[in-house]
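Enquirer: Okay, here's the structure, questions in a sec.
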Amino acid sequence: MDLAAITAALTAGLAAFEGAATPEQLEEVRREYLGGSGLVKKVLGGMKDVPKEQRGQFGKAANELNARLTAAFESAKTRLASAPALPSGDFDVTRPGIRREVGHAHIITQTIEEIVAIFNRLGFAQVEGPEVEDEFHNFDALNIPPGHPARNEDDNFFLQLSGPDWPPKPVPLLLRSQTSTIQIRAMQNMQPPLRVIAPGRVYRPDEVDATHHFMFHQIEGLAVAEDLNFGDLRSVLELFVREYFGADTKMRLRPHYFPFTEVSAEVDINCEMFSHLKKPWLEILGCGMVHPNVLTAVGYDPEKYNGFAFGMGVERIAMLKHGIGDIRHFVANDLRFLRQF
Ligand code: DAH
């Protein structure tokens, strides 16, 4: 090996020590250059073959090679010791982390929250009631007497079917068929004046199709005081539909019949949001002045108090607002549908 080769070995060795990225790599480089049969040993061992006159120069170069590579090894060792231990392999520390997906409220929950929030601002307090009800709250107190078709066993999810009177049966229970039950519970729990808004699930054994399901949601509203009239009902509903469906919304009340209200009406709206449906009027809820029999059933004096009530289907409103064509989407648990809202 001549002087030029020693210089080249020094350059290569320094680069190799500097480039060592792991203790394992450093050890490999050390063995190659400083090990028992490494390059430095070979250079020093080759000294005896160098002609006498060149031996001084060669020895100096060989010693420098040994000293500088030893120093480079030491500094590489220090460098690796202070560096954080990185996982080996093809782990890329600059890669973005794995993001945990954050969920959001179901479109039905969002719809309920938006509607309830509007009525909250109008002074209606949110209340709830049980989904398993008795016949008093689901029917009798709502002026739906025994024998009324709405009480048919085939049209309700009764939990205990009625039968012969003996032996005595427990009180029949059913999955509530309407949130109007919560009107009764609210009036039993509070004294007028009161204003409540009550969302909840309701159940009817309907054949399931694009617009019917055996479980859906309603939102019930009720106000009772000494001096409420039909104009109050109308203005509250007008404030609601303009807030929810847009300021341009037109509303009309169409005479209707409900057992628990007198007078009763259905509300139709016309607004820009639904112009694509090409229908001038869309029905969105039922309403009316609370029937005196209902007030009597909860112990209120119908001579002293009166009130108004309304009820709407949440699925129907969400379907209209978002252009959803099939009620079954709400319960299909398909993320492709749910993520749209
Ligand atoms: N309970 C009715 C239904 O399920 C909806 C309804 C109509 C509720 C008129 C009301 C009302 O409070 O006044 O079809």
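Lettering and numbering for the structure tokens are positional, with chains as A, B, ... in the shown order, residues counted from 1 in each chain, and ligands counted from 1 in the shown order.
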Using 8 Å as the limit and counting only C-alpha atoms, can you tabulate each residue of region 54-139 of chain A that touches region 24-47 of chain A, with its shortest atom-to-atom distance in Å and the two atoms involved, as a Markdown table?
Expert:
| residue | atom | partner | partner_atom | distance |
| --- | --- | --- | --- | --- |
| A:Arg55 | CA | A:Met47 | CA | 7.0 |
| A:Phe58 | CA | A:Met47 | CA | 7.4 |
| A:Gly59 | CA | A:Met47 | CA | 7.1 |
| A:Ala62 | CA | A:Leu44 | CA | 6.4 |
| A:Leu65 | CA | A:Val40 | CA | 7.2 |
| A:Asn66 | CA | A:Val40 | CA | 6.1 |
| A:Leu69 | CA | A:Leu34 | CA | 7.7 |
| A:Thr70 | CA | A:Leu34 | CA | 7.3 |
| A:Phe73 | CA | A:Arg30 | CA | 6.9 |
| A:Ala76 | CA | A:Leu26 | CA | 7.5 |
| A:Lys77 | CA | A:Leu26 | CA | 7.6 |
Enquirer: Enumerate residues in contact with ligand 1: an atom-to-atom distance of at most 6 Å, counting only C-alpha atoms and all ligand atoms. Format the result as a list in words.
Expert: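 Using only C-alpha atoms and all ligand atoms, I find these residues within 6 Å of ligand 1: Gln178, Ser180, Glu220, Phe258, Thr261, Gly286, Cys287, Gly288, Ala309, Phe310 and Gly311 of chain A.
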Enquirer: Near Arg121 (chain A), counting only C-alpha atoms, which residues have an atom at most 12 Å away, once you skip same-chain residues fewer than 3 positions from it, shown as a list in words?
Expert: Glu114, Ile115, Val116, Ala117, Ile118, Phe124, Ala125, Gln126, Arg195, Val196, Ile197, Val236, Leu239, Phe240 and Glu243 of chain A
Enquirer: Which one is closest to Phe260 (chain A): A:Arg234, A:His137, A:Arg100, A:Lys304? Count only C-alpha atoms.
Expert: A:His137
Enquirer: Would you mind telling me which residue in A:Phe245, A:Phe119, A:Phe91, A:Tyr300 lies nearest to Met190 (chain A) when using only C-alpha atoms?
Expert: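 Of A:Phe245, A:Phe119, A:Phe91, A:Tyr300, the one nearest Met190 (chain A), counting only C-alpha atoms, is A:Tyr300.
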Enquirer: Could you please determine the separation between CA of Ala4 (chain A) and CA of Ala61 (chain A) in Å, to one decimal place?
Expert: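 Interatomic distance here is 9.9 Å.
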Enquirer: Run DSSP on the backbone and tell me which residues of region 92-172 of chain A come out as helix (DSSP H, G or I); list them as a PyMOL selection string.
Expert: chain A and resi 107-121+135-138+140-142+149-151+153-155
Enquirer: Taking the chain letters and numbering used in this document, name the residues of region 83-276 of chain A that DSSP puts in strand (DSSP E), as a ChimeraX atom specification.
Expert: /A:125-126,132-134,157-158,173-175,194-203,215-225,250-256,261-270
Enquirer: Grab the CA of Ala210 (chain A) to CA of Ile327 (chain A) distance for me, in Å with one decimal place.
Expert: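 If I compute the distance from CA of Ala210 (chain A) to CA of Ile327 (chain A), I get 5.4 Å.
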Enquirer: For CA of Trp166 (chain A) and CA of Asn143 (chain A), quote the distance in Å rounded to one decimal.
Expert: 27.2 Å
Enquirer: May I ask which of the residues A:Lys52, A:Lys250, A:Arg176, A:Arg68 is the closest one to Phe157 (chain A), counting only C-alpha atoms?
Expert: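 Checking each of A:Lys52, A:Lys250, A:Arg176, A:Arg68 against Phe157 (chain A), counting only C-alpha atoms, the winner is A:Arg176.
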Enquirer: Excluding Pro172 (chain A) and residues on its chain fewer than 2 positions from it, collect all residues at most 12 Å away from it, counting only C-alpha atoms, and give them as a PDB file with all heavy atoms, in the first residue's frame.
Expert:
ATOM      1  N   VAL A 132     -92.519   2.681  27.241  1.00  0.00           N
ATOM      2  CA  VAL A 132     -93.534   1.695  27.631  1.00  0.00           C
ATOM      3  C   VAL A 132     -94.591   2.441  28.431  1.00  0.00           C
ATOM      4  O   VAL A 132     -94.303   3.037  29.465  1.00  0.00           O
ATOM      5  CB  VAL A 132     -92.914   0.560  28.471  1.00  0.00           C
ATOM      6  CG1 VAL A 132     -94.014  -0.364  28.992  1.00  0.00           C
ATOM      7  CG2 VAL A 132     -91.896  -0.225  27.645  1.00  0.00           C
ATOM      8  N   GLU A 133     -95.803   2.447  27.908  1.00  0.00           N
ATOM      9  CA  GLU A 133     -96.868   3.262  28.490  1.00  0.00           C
ATOM     10  C   GLU A 133     -98.055   2.413  28.942  1.00  0.00           C
ATOM     11  O   GLU A 133     -98.183   1.252  28.553  1.00  0.00           O
ATOM     12  CB  GLU A 133     -97.362   4.279  27.442  1.00  0.00           C
ATOM     13  CG  GLU A 133     -96.669   5.623  27.517  1.00  0.00           C
ATOM     14  CD  GLU A 133     -96.956   6.353  28.824  1.00  0.00           C
ATOM     15  OE1 GLU A 133     -97.647   5.803  29.711  1.00  0.00           O
ATOM     16  OE2 GLU A 133     -96.485   7.502  28.969  1.00  0.00           O
ATOM     17  N   ASP A 134     -98.933   3.052  29.717  1.00  0.00           N
ATOM     18  CA  ASP A 134    -100.202   2.405  30.033  1.00  0.00           C
ATOM     19  C   ASP A 134    -101.289   3.035  29.156  1.00  0.00           C
ATOM     20  O   ASP A 134    -101.071   4.055  28.499  1.00  0.00           O
ATOM     21  CB  ASP A 134    -100.525   2.544  31.531  1.00  0.00           C
ATOM     22  CG  ASP A 134    -100.433   3.994  31.987  1.00  0.00           C
ATOM     23  OD1 ASP A 134    -101.011   4.870  31.300  1.00  0.00           O
ATOM     24  OD2 ASP A 134     -99.771   4.252  33.011  1.00  0.00           O
ATOM     25  N   GLU A 135    -102.457   2.384  29.159  1.00  0.00           N
ATOM     26  CA  GLU A 135    -103.531   2.845  28.271  1.00  0.00           C
ATOM     27  C   GLU A 135    -104.082   4.210  28.685  1.00  0.00           C
ATOM     28  O   GLU A 135    -104.597   4.945  27.853  1.00  0.00           O
ATOM     29  CB  GLU A 135    -104.668   1.808  28.250  1.00  0.00           C
ATOM     30  CG  GLU A 135    -104.249   0.520  27.563  1.00  0.00           C
ATOM     31  CD  GLU A 135    -105.414  -0.444  27.429  1.00  0.00           C
ATOM     32  OE1 GLU A 135    -105.954  -0.868  28.476  1.00  0.00           O
ATOM     33  OE2 GLU A 135    -105.794  -0.744  26.279  1.00  0.00           O
ATOM     34  N   PHE A 136    -103.943   4.529  29.961  1.00  0.00           N
ATOM     35  CA  PHE A 136    -104.434   5.841  30.393  1.00  0.00           C
ATOM     36  C   PHE A 136    -103.687   6.964  29.671  1.00  0.00           C
ATOM     37  O   PHE A 136    -104.296   7.857  29.088  1.00  0.00           O
ATOM     38  CB  PHE A 136    -104.275   5.991  31.918  1.00  0.00           C
ATOM     39  CG  PHE A 136    -104.683   7.353  32.410  1.00  0.00           C
ATOM     40  CD1 PHE A 136    -106.029   7.703  32.521  1.00  0.00           C
ATOM     41  CD2 PHE A 136    -103.721   8.315  32.745  1.00  0.00           C
ATOM     42  CE1 PHE A 136    -106.416   8.966  32.961  1.00  0.00           C
ATOM     43  CE2 PHE A 136    -104.101   9.583  33.186  1.00  0.00           C
ATOM     44  CZ  PHE A 136    -105.443   9.902  33.290  1.00  0.00           C
ATOM     45  N   HIS A 137    -102.342   6.882  29.677  1.00  0.00           N
ATOM     46  CA  HIS A 137    -101.558   7.967  29.062  1.00  0.00           C
ATOM     47  C   HIS A 137    -101.577   7.921  27.543  1.00  0.00           C
ATOM     48  O   HIS A 137    -101.502   8.954  26.885  1.00  0.00           O
ATOM     49  CB  HIS A 137    -100.108   7.912  29.548  1.00  0.00           C
ATOM     50  CG  HIS A 137     -99.968   8.276  30.992  1.00  0.00           C
ATOM     51  ND1 HIS A 137    -100.043   7.338  32.000  1.00  0.00           N
ATOM     52  CD2 HIS A 137     -99.803   9.472  31.595  1.00  0.00           C
ATOM     53  CE1 HIS A 137     -99.907   7.954  33.168  1.00  0.00           C
ATOM     54  NE2 HIS A 137     -99.767   9.248  32.956  1.00  0.00           N
ATOM     55  N   ASN A 138    -101.667   6.703  26.978  1.00  0.00           N
ATOM     56  CA  ASN A 138    -101.621   6.619  25.512  1.00  0.00           C
ATOM     57  C   ASN A 138    -103.000   6.870  24.874  1.00  0.00           C
ATOM     58  O   ASN A 138    -103.094   7.316  23.744  1.00  0.00           O
ATOM     59  CB  ASN A 138    -101.098   5.256  25.069  1.00  0.00           C
ATOM     60  CG  ASN A 138    -100.481   5.277  23.666  1.00  0.00           C
ATOM     61  OD1 ASN A 138     -99.298   5.512  23.514  1.00  0.00           O
ATOM     62  ND2 ASN A 138    -101.295   5.046  22.645  1.00  0.00           N
ATOM     63  N   PHE A 139    -104.077   6.577  25.644  1.00  0.00           N
ATOM     64  CA  PHE A 139    -105.424   6.671  25.054  1.00  0.00           C
ATOM     65  C   PHE A 139    -106.420   7.448  25.906  1.00  0.00           C
ATOM     66  O   PHE A 139    -106.858   8.531  25.504  1.00  0.00           O
ATOM     67  CB  PHE A 139    -105.978   5.262  24.796  1.00  0.00           C
ATOM     68  CG  PHE A 139    -105.139   4.431  23.868  1.00  0.00           C
ATOM     69  CD1 PHE A 139    -104.632   3.209  24.278  1.00  0.00           C
ATOM     70  CD2 PHE A 139    -104.873   4.865  22.564  1.00  0.00           C
ATOM     71  CE1 PHE A 139    -103.870   2.427  23.419  1.00  0.00           C
ATOM     72  CE2 PHE A 139    -104.108   4.087  21.700  1.00  0.00           C
ATOM     73  CZ  PHE A 139    -103.599   2.862  22.122  1.00  0.00           C
ATOM     74  N   ARG A 151    -107.230   2.145  19.261  1.00  0.00           N
ATOM     75  CA  ARG A 151    -106.800   1.230  20.330  1.00  0.00           C
ATOM     76  C   ARG A 151    -106.742  -0.221  19.881  1.00  0.00           C
ATOM     77  O   ARG A 151    -106.424  -1.096  20.690  1.00  0.00           O
ATOM     78  CB  ARG A 151    -107.759   1.360  21.526  1.00  0.00           C
ATOM     79  CG  ARG A 151    -107.771   2.757  22.100  1.00  0.00           C
ATOM     80  CD  ARG A 151    -108.759   2.889  23.226  1.00  0.00           C
ATOM     81  NE  ARG A 151    -108.337   2.215  24.433  1.00  0.00           N
ATOM     82  CZ  ARG A 151    -108.431   2.728  25.665  1.00  0.00           C
ATOM     83  NH1 ARG A 151    -108.939   3.945  25.830  1.00  0.00           N
ATOM     84  NH2 ARG A 151    -108.053   2.048  26.710  1.00  0.00           N
ATOM     85  N   GLU A 153    -105.921  -3.858  18.868  1.00  0.00           N
ATOM     86  CA  GLU A 153    -104.740  -4.649  19.236  1.00  0.00           C
ATOM     87  C   GLU A 153    -103.779  -4.807  18.061  1.00  0.00           C
ATOM     88  O   GLU A 153    -102.560  -4.858  18.243  1.00  0.00           O
ATOM     89  CB  GLU A 153    -105.174  -6.026  19.768  1.00  0.00           C
ATOM     90  CG  GLU A 153    -105.672  -5.925  21.183  1.00  0.00           C
ATOM     91  CD  GLU A 153    -106.062  -7.268  21.790  1.00  0.00           C
ATOM     92  OE1 GLU A 153    -105.949  -8.295  21.095  1.00  0.00           O
ATOM     93  OE2 GLU A 153    -106.483  -7.260  22.964  1.00  0.00           O
ATOM     94  N   ASN A 156    -101.315  -1.636  17.521  1.00  0.00           N
ATOM     95  CA  ASN A 156    -100.443  -1.212  18.612  1.00  0.00           C
ATOM     96  C   ASN A 156     -99.570  -2.373  19.064  1.00  0.00           C
ATOM     97  O   ASN A 156     -99.922  -3.536  18.890  1.00  0.00           O
ATOM     98  CB  ASN A 156    -101.280  -0.724  19.806  1.00  0.00           C
ATOM     99  CG  ASN A 156    -102.027   0.556  19.483  1.00  0.00           C
ATOM    100  OD1 ASN A 156    -101.448   1.627  19.466  1.00  0.00           O
ATOM    101  ND2 ASN A 156    -103.329   0.420  19.199  1.00  0.00           N
ATOM    102  N   PHE A 157     -98.453  -2.032  19.662  1.00  0.00           N
ATOM    103  CA  PHE A 157     -97.582  -3.062  20.247  1.00  0.00           C
ATOM    104  C   PHE A 157     -97.944  -3.241  21.716  1.00  0.00           C
ATOM    105  O   PHE A 157     -97.290  -2.696  22.596  1.00  0.00           O
ATOM    106  CB  PHE A 157     -96.110  -2.661  20.131  1.00  0.00           C
ATOM    107  CG  PHE A 157     -95.512  -2.880  18.766  1.00  0.00           C
ATOM    108  CD1 PHE A 157     -95.085  -1.809  17.997  1.00  0.00           C
ATOM    109  CD2 PHE A 157     -95.339  -4.174  18.268  1.00  0.00           C
ATOM    110  CE1 PHE A 157     -94.503  -2.008  16.757  1.00  0.00           C
ATOM    111  CE2 PHE A 157     -94.756  -4.379  17.018  1.00  0.00           C
ATOM    112  CZ  PHE A 157     -94.340  -3.292  16.260  1.00  0.00           C
ATOM    113  N   PHE A 158     -99.021  -4.010  21.970  1.00  0.00           N
ATOM    114  CA  PHE A 158     -99.379  -4.291  23.360  1.00  0.00           C
ATOM    115  C   PHE A 158     -98.398  -5.300  23.946  1.00  0.00           C
ATOM    116  O   PHE A 158     -97.997  -6.251  23.269  1.00  0.00           O
ATOM    117  CB  PHE A 158    -100.803  -4.831  23.439  1.00  0.00           C
ATOM    118  CG  PHE A 158    -101.836  -3.736  23.429  1.00  0.00           C
ATOM    119  CD1 PHE A 158    -102.500  -3.403  22.252  1.00  0.00           C
ATOM    120  CD2 PHE A 158    -102.125  -3.020  24.594  1.00  0.00           C
ATOM    121  CE1 PHE A 158    -103.433  -2.382  22.243  1.00  0.00           C
ATOM    122  CE2 PHE A 158    -103.064  -1.998  24.588  1.00  0.00           C
ATOM    123  CZ  PHE A 158    -103.720  -1.675  23.409  1.00  0.00           C
ATOM    124  N   LEU A 159     -98.022  -5.072  25.186  1.00  0.00           N
ATOM    125  CA  LEU A 159     -97.098  -5.996  25.839  1.00  0.00           C
ATOM    126  C   LEU A 159     -97.863  -7.063  26.605  1.00  0.00           C
ATOM    127  O   LEU A 159     -97.402  -8.167  26.798  1.00  0.00           O
ATOM    128  CB  LEU A 159     -96.153  -5.235  26.765  1.00  0.00           C
ATOM    129  CG  LEU A 159     -95.351  -4.134  26.061  1.00  0.00           C
ATOM    130  CD1 LEU A 159     -94.462  -3.405  27.049  1.00  0.00           C
ATOM    131  CD2 LEU A 159     -94.507  -4.722  24.937  1.00  0.00           C
ATOM    132  N   GLN A 160     -99.073  -6.712  27.101  1.00  0.00           N
ATOM    133  CA  GLN A 160     -99.940  -7.707  27.727  1.00  0.00           C
ATOM    134  C   GLN A 160    -101.289  -7.569  27.050  1.00  0.00           C
ATOM    135  O   GLN A 160    -101.932  -6.532  27.155  1.00  0.00           O
ATOM    136  CB  GLN A 160    -100.095  -7.447  29.229  1.00  0.00           C
ATOM    137  CG  GLN A 160     -98.822  -7.695  30.006  1.00  0.00           C
ATOM    138  CD  GLN A 160     -98.544  -6.595  30.996  1.00  0.00           C
ATOM    139  OE1 GLN A 160     -99.411  -5.780  31.298  1.00  0.00           O
ATOM    140  NE2 GLN A 160     -97.336  -6.556  31.483  1.00  0.00           N
ATOM    141  N   LEU A 161    -101.713  -8.619  26.354  1.00  0.00           N
ATOM    142  CA  LEU A 161    -102.984  -8.526  25.640  1.00  0.00           C
ATOM    143  C   LEU A 161    -104.140  -8.631  26.625  1.00  0.00           C
ATOM    144  O   LEU A 161    -104.057  -9.371  27.615  1.00  0.00           O
ATOM    145  CB  LEU A 161    -103.069  -9.637  24.600  1.00  0.00           C
ATOM    146  CG  LEU A 161    -102.022  -9.532  23.494  1.00  0.00           C
ATOM    147  CD1 LEU A 161    -102.169 -10.691  22.515  1.00  0.00           C
ATOM    148  CD2 LEU A 161    -102.160  -8.208  22.753  1.00  0.00           C
ATOM    149  N   SER A 162    -105.199  -7.887  26.313  1.00  0.00           N
ATOM    150  CA  SER A 162    -106.364  -7.972  27.189  1.00  0.00           C
ATOM    151  C   SER A 162    -107.060  -9.303  26.940  1.00  0.00           C
ATOM    152  O   SER A 162    -106.912  -9.926  25.897  1.00  0.00           O
ATOM    153  CB  SER A 162    -107.298  -6.809  26.903  1.00  0.00           C
ATOM    154  OG  SER A 162    -107.523  -6.727  25.528  1.00  0.00           O
ATOM    155  N   GLY A 163    -107.819  -9.801  27.931  1.00  0.00           N
ATOM    156  CA  GLY A 163    -108.482 -11.084  27.776  1.00  0.00           C
ATOM    157  C   GLY A 163    -109.624 -11.165  28.771  1.00  0.00           C
ATOM    158  O   GLY A 163    -110.145 -10.133  29.178  1.00  0.00           O
ATOM    159  N   PRO A 168    -107.701 -11.842  37.332  1.00  0.00           N
ATOM    160  CA  PRO A 168    -107.401 -10.449  36.966  1.00  0.00           C
ATOM    161  C   PRO A 168    -106.044 -10.349  36.276  1.00  0.00           C
ATOM    162  O   PRO A 168    -105.097 -10.997  36.707  1.00  0.00           O
ATOM    163  CB  PRO A 168    -107.373  -9.715  38.303  1.00  0.00           C
ATOM    164  CG  PRO A 168    -107.938 -10.639  39.306  1.00  0.00           C
ATOM    165  CD  PRO A 168    -107.851 -12.032  38.773  1.00  0.00           C
ATOM    166  N   LYS A 169    -106.004  -9.578  35.208  1.00  0.00           N
ATOM    167  CA  LYS A 169    -104.756  -9.394  34.456  1.00  0.00           C
ATOM    168  C   LYS A 169    -104.088  -8.121  34.959  1.00  0.00           C
ATOM    169  O   LYS A 169    -104.753  -7.216  35.437  1.00  0.00           O
ATOM    170  CB  LYS A 169    -105.083  -9.202  32.971  1.00  0.00           C
ATOM    171  CG  LYS A 169    -105.700 -10.431  32.350  1.00  0.00           C
ATOM    172  CD  LYS A 169    -104.883 -10.837  31.147  1.00  0.00           C
ATOM    173  CE  LYS A 169    -105.372 -12.182  30.649  1.00  0.00           C
ATOM    174  NZ  LYS A 169    -104.352 -12.979  30.042  1.00  0.00           N
ATOM    175  N   PRO A 170    -102.765  -8.046  34.837  1.00  0.00           N
ATOM    176  CA  PRO A 170    -102.106  -6.764  35.139  1.00  0.00           C
ATOM    177  C   PRO A 170    -102.565  -5.699  34.141  1.00  0.00           C
ATOM    178  O   PRO A 170    -103.102  -6.038  33.079  1.00  0.00           O
ATOM    179  CB  PRO A 170    -100.623  -7.075  34.982  1.00  0.00           C
ATOM    180  CG  PRO A 170    -100.520  -8.388  34.319  1.00  0.00           C
ATOM    181  CD  PRO A 170    -101.840  -9.095  34.437  1.00  0.00           C
ATOM    182  N   LEU A 174     -98.249  -0.913  26.667  1.00  0.00           N
ATOM    183  CA  LEU A 174     -97.923  -0.947  25.249  1.00  0.00           C
ATOM    184  C   LEU A 174     -96.743  -0.040  24.983  1.00  0.00           C
ATOM    185  O   LEU A 174     -96.417   0.831  25.810  1.00  0.00           O
ATOM    186  CB  LEU A 174     -99.125  -0.510  24.398  1.00  0.00           C
ATOM    187  CG  LEU A 174     -99.514   0.965  24.378  1.00  0.00           C
ATOM    188  CD1 LEU A 174    -100.316   1.283  23.141  1.00  0.00           C
ATOM    189  CD2 LEU A 174    -100.274   1.373  25.629  1.00  0.00           C
ATOM    190  N   LEU A 175     -96.085  -0.265  23.832  1.00  0.00           N
ATOM    191  CA  LEU A 175     -95.074   0.696  23.381  1.00  0.00           C
ATOM    192  C   LEU A 175     -95.860   1.894  22.866  1.00  0.00           C
ATOM    193  O   LEU A 175     -96.757   1.732  22.043  1.00  0.00           O
ATOM    194  CB  LEU A 175     -94.224   0.087  22.264  1.00  0.00           C
ATOM    195  CG  LEU A 175     -93.408  -1.140  22.661  1.00  0.00           C
ATOM    196  CD1 LEU A 175     -92.614  -1.661  21.458  1.00  0.00           C
ATOM    197  CD2 LEU A 175     -92.461  -0.807  23.813  1.00  0.00           C
ATOM    198  N   ARG A 176     -95.555   3.069  23.362  1.00  0.00           N
ATOM    199  CA  ARG A 176     -96.392   4.227  23.019  1.00  0.00           C
ATOM    200  C   ARG A 176     -96.458   4.416  21.511  1.00  0.00           C
ATOM    201  O   ARG A 176     -95.472   4.226  20.795  1.00  0.00           O
ATOM    202  CB  ARG A 176     -95.872   5.494  23.704  1.00  0.00           C
ATOM    203  CG  ARG A 176     -94.555   5.987  23.142  1.00  0.00           C
ATOM    204  CD  ARG A 176     -94.082   7.245  23.868  1.00  0.00           C
ATOM    205  NE  ARG A 176     -92.725   7.574  23.440  1.00  0.00           N
ATOM    206  CZ  ARG A 176     -91.840   8.240  24.145  1.00  0.00           C
ATOM    207  NH1 ARG A 176     -92.142   8.703  25.353  1.00  0.00           N
ATOM    208  NH2 ARG A 176     -90.644   8.493  23.667  1.00  0.00           N
TER     209      ARG A 176
END
Enquirer: Find, counting only C-alpha atoms, the residue in A:Lys48, A:His212, A:Arg95, A:His106 that gets nearest to Gln340 (chain A).
Expert: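 Smallest distance to Gln340 (chain A) is found for A:His106.
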Enquirer: Within 9 Å of Pro205 (chain A), counting only C-alpha atoms, which residues show up once you throw out same-chain ones fewer than 5 positions away? Write them as a PyMOL selection string, please.
Expert: chain A and resi 154-157+213-215
Enquirer: Counting only C-alpha atoms, which of A:Ile98, A:Pro23, A:Ala12, A:Leu3 gets nearest to Lys60 (chain A)?
Expert: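 That would be A:Leu3, the residue with the smallest distance to Lys60 (chain A).
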Enquirer: Give me, as a list in words, all polymer residues having an atom no more than 12 Å from region 333-335 of chain A, counting only C-alpha atoms and skipping those fewer than 5 positions away in the same chain.
Expert: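 Non-adjacent residues within range: Gly103, His104, His106, Ile107, Arg328, Gln340 and Phe341 of chain A.
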